[in-house]
file entry_27.pdb (PDB, C-alpha atoms)
ATOM      1  CA  MET A   1     139.085 161.227 140.872
ATOM      2  CA  PHE A   2     139.627 161.291 137.126
ATOM      3  CA  ARG A   3     136.746 161.684 134.737
ATOM      4  CA  SER A   4     136.833 159.813 131.465
ATOM      5  CA  ASP A   5     137.326 163.055 129.527
ATOM      6  CA  ASP A   6     140.461 163.743 131.615
ATOM      7  CA  ILE A   7     142.238 160.548 130.471
ATOM      8  CA  HIS A   8     144.312 160.753 127.294
ATOM      9  CA  PRO A   9     147.129 158.925 125.530
ATOM     10  CA  VAL A  10     150.408 160.772 125.973
ATOM     11  CA  THR A  11     150.826 160.861 122.174
ATOM     12  CA  ASP A  12     147.535 162.773 121.832
ATOM     13  CA  PHE A  13     148.643 165.165 124.554
ATOM     14  CA  VAL A  14     151.926 165.836 122.737
ATOM     15  CA  ARG A  15     150.231 166.334 119.349
ATOM     16  CA  ASN A  16     147.461 168.550 120.724
ATOM     17  CA  HIS A  17     149.146 170.125 123.729
ATOM     18  CA  LYS A  18     147.566 173.560 123.206
ATOM     19  CA  ARG A  19     144.046 172.121 123.284
ATOM     20  CA  HIS A  20     144.906 170.040 126.352
ATOM     21  CA  GLN A  21     146.547 173.011 128.056
ATOM     22  CA  GLU A  22     143.406 175.076 127.528
ATOM     23  CA  HIS A  23     141.246 172.245 128.902
ATOM     24  CA  LEU A  24     143.480 172.011 131.981
ATOM     25  CA  ARG A  25     143.250 175.755 132.540
ATOM     26  CA  GLU A  26     139.477 175.890 132.050
ATOM     27  CA  THR A  27     138.553 172.908 134.206
ATOM     28  CA  GLY A  28     141.259 173.103 136.874
ATOM     29  CA  ARG A  29     141.229 169.307 136.899
ATOM     30  CA  PRO A  30     144.354 167.227 136.326
ATOM     31  CA  ALA A  31     144.704 164.996 133.276
ATOM     32  CA  LEU A  32     145.842 161.393 133.387
ATOM     33  CA  LEU A  33     148.086 160.455 130.490
ATOM     34  CA  THR A  34     148.430 156.864 129.403
ATOM     35  CA  ILE A  35     151.195 154.987 127.651
ATOM     36  CA  ASN A  36     150.062 151.830 125.875
ATOM     37  CA  GLY A  37     146.756 152.079 127.729
ATOM     38  CA  SER A  38     148.319 152.165 131.208
ATOM     39  CA  PRO A  39     148.128 155.249 133.415
ATOM     40  CA  GLU A  40     151.615 156.754 133.672
ATOM     41  CA  ILE A  41     151.620 160.560 134.026
ATOM     42  CA  VAL A  42     149.476 163.209 135.679
ATOM     43  CA  VAL A  43     149.602 166.806 134.436
ATOM     44  CA  GLN A  44     147.896 169.802 135.951
ATOM     45  CA  ASP A  45     147.552 173.528 135.383
ATOM     46  CA  VAL A  46     149.975 175.355 137.694
ATOM     47  CA  ARG A  47     147.239 177.550 139.218
ATOM     48  CA  ALA A  48     145.162 174.499 140.102
ATOM     49  CA  PHE A  49     148.260 172.840 141.564
ATOM     50  CA  GLU A  50     149.043 175.930 143.665
ATOM     51  CA  ARG A  51     145.455 176.014 144.978
ATOM     52  CA  ALA A  52     145.624 172.320 145.884
ATOM     53  CA  ALA A  53     149.034 172.741 147.535
ATOM     54  CA  SER A  54     147.785 175.745 149.499
ATOM     55  CA  GLU A  55     144.723 173.807 150.658
ATOM     56  CA  ALA A  56     146.893 170.849 151.662
ATOM     57  CA  THR A  57     149.118 173.171 153.713
ATOM     58  CA  ARG A  58     146.083 174.765 155.365
ATOM     59  CA  LEU A  59     144.645 171.358 156.246
ATOM     60  CA  ARG A  60     148.004 170.158 157.591
ATOM     61  CA  ASP A  61     148.285 173.243 159.815
ATOM     62  CA  GLU A  62     144.686 172.890 160.959
ATOM     63  CA  ASN A  63     145.295 169.218 161.740
ATOM     64  CA  ARG A  64     148.400 170.138 163.766
ATOM     65  CA  GLU A  65     146.396 172.688 165.771
ATOM     66  CA  LEU A  66     143.612 170.170 166.396
ATOM     67  CA  HIS A  67     146.144 167.537 167.456
ATOM     68  CA  GLU A  68     147.731 169.974 169.934
ATOM     69  CA  ARG A  69     144.289 170.860 171.323
ATOM     70  CA  LEU A  70     143.436 167.160 171.649
ATOM     71  CA  GLU A  71     146.633 166.588 173.650
ATOM     72  CA  GLU A  72     145.681 169.482 175.940
ATOM     73  CA  LEU A  73     142.201 168.036 176.456
ATOM     74  CA  GLU A  74     143.601 164.552 177.167
ATOM     75  CA  THR A  75     145.912 166.078 179.779
ATOM     76  CA  LEU A  76     143.000 167.916 181.404
ATOM     77  CA  ILE A  77     140.933 164.720 181.466
ATOM     78  CA  ALA A  78     143.822 162.797 183.061
ATOM     79  CA  LEU A  79     144.270 165.531 185.679
ATOM     80  CA  ASP A  80     140.537 165.527 186.400
ATOM     81  CA  GLU A  81     140.556 161.742 186.833
ATOM     82  CA  ALA A  82     143.619 161.951 189.078
ATOM     83  CA  TYR A  83     141.966 164.617 191.228
ATOM     84  CA  SER A  84     138.813 162.486 191.544
ATOM     85  CA  GLU A  85     140.934 159.516 192.636
ATOM     86  CA  PHE A  86     142.720 161.730 195.156
ATOM     87  CA  GLU A  87     139.410 162.937 196.616
ATOM     88  CA  ARG A  88     138.268 159.307 196.987
ATOM     89  CA  GLY A  89     141.454 158.548 198.912
ATOM     90  CA  GLU A  90     142.869 156.364 196.130
ATOM     91  CA  GLY A  91     146.022 158.422 195.594
ATOM     92  CA  ARG A  92     149.528 157.923 196.954
ATOM     93  CA  PRO A  93     151.553 160.497 198.851
ATOM     94  CA  LEU A  94     153.882 162.539 196.631
ATOM     95  CA  GLU A  95     156.938 161.333 198.561
ATOM     96  CA  GLU A  96     156.013 157.770 197.543
ATOM     97  CA  ALA A  97     154.743 158.422 194.017
ATOM     98  CA  LEU A  98     157.483 160.751 192.755
ATOM     99  CA  PRO A  99     160.427 158.294 193.037
ATOM    100  CA  ALA A 100     158.349 155.564 191.361
ATOM    101  CA  LEU A 101     157.356 157.976 188.575
ATOM    102  CA  ARG A 102     160.966 159.067 188.047
ATOM    103  CA  GLU A 103     162.045 155.437 187.806
ATOM    104  CA  ARG A 104     159.241 154.619 185.383
ATOM    105  CA  LEU A 105     160.234 157.564 183.162
ATOM    106  CA  GLY A 106     163.933 156.737 183.370
ATOM    107  CA  MET A 107     164.759 160.024 185.037
ATOM    108  CA  VAL A 108     167.818 160.352 187.202
ATOM    109  CA  ARG A 109     167.538 162.651 190.170
ATOM    110  CA  VAL A 110     170.284 165.231 190.272
ATOM    111  CA  ALA A 111     171.666 165.948 193.745
ATOM    112  CA  GLY A 112     171.607 169.586 194.564
TER     113      GLY A 112
END
call {"tool": "encode", "arguments": {"input": "entry_27.pdb", "output": "structure tokens"}}
result
Amino acid sequence: MFRSDDIHPVTDFVRNHKRHQEHLRETGRPALLTINGSPEIVVQDVRAFERAASEATRLRDENRELHERLEELETLIALDEAYSEFERGEGRPLEEALPALRERLGMVRVAG
């Protein structure tokens, strides 16, 4: 993710912050700052950060929509399989299946 020219000692960044700021703005890439040779801090131009955050939000929303669609498709597949079983005579009458399903789901039937 980081290129070698995006890795700098924090002391160099502090001394030459204007040059580094310009580099961040021009490239849109983050910089990795090191302390005693170990990576410690990541800095990024705010516009690049906002673009990345916006893209992350878009992908999260898209993923949510795809997940919802997948659940719908799984439900349709299950219903199709259940209907096929019913047509083959493998189903159970509703009067028999419903109480067992309620028990399995922990549902209490309300008298009414």
call {"tool": "resolve_selection", "arguments": {"input": "entry_27.pdb", "expression": "the PyMOL selection byres ((chain A and resi 20) around 12)", "output": "JSON, numbers by chain"}}
result
{"A": [5, 6, 7, 8, 9, 10, 11, 12, 13, 14, 15, 16, 17, 18, 19, 21, 22, 23, 24, 25, 26, 27, 28, 29, 30, 31, 32, 33, 43, 44, 45]}
call {"tool": "closest_residue", "arguments": {"input": "entry_27.pdb", "among": "A:Ala56, A:His67, A:Pro39, A:Gly91", "to": "Phe2 of chain A", "atoms": "all atoms listed in the file"}}
result
A:Pro39
call {"tool": "atom_distance", "arguments": {"input": "entry_27.pdb", "atom1": "atom CA of Gly37 of chain A", "atom2": "atom CA of Ala52 of chain A"}}
result
27.2 Å
call {"tool": "residues_around", "arguments": {"input": "entry_27.pdb", "residues": "Glu81 of chain A", "least_positions_apart": "6", "cutoff": "12 Å", "atoms": "only C-alpha atoms", "output": "PyMOL selection string"}}
result
chain A and resi 74-75+87-88+90-91
call {"tool": "atom_distance", "arguments": {"input": "entry_27.pdb", "atom1": "atom CA of Pro99 of chain A", "atom2": "atom CA of Leu79 of chain A"}}
result
19.2 Å
call {"tool": "atom_distance", "arguments": {"input": "entry_27.pdb", "atom1": "atom CA of Asn63 of chain A", "atom2": "atom CA of Met1 of chain A"}}
result
23.2 Å
call {"tool": "axis_aligned_box", "arguments": {"input": "entry_27.pdb", "around": "segment 81-86 of chain A", "padding_each_side": "6 Å", "output": "lines of an AutoDock Vina configuration file"}}
result
center_x = 141.2
center_y = 162.1
center_z = 191.0
size_x = 16.8
size_y = 17.1
size_z = 20.3
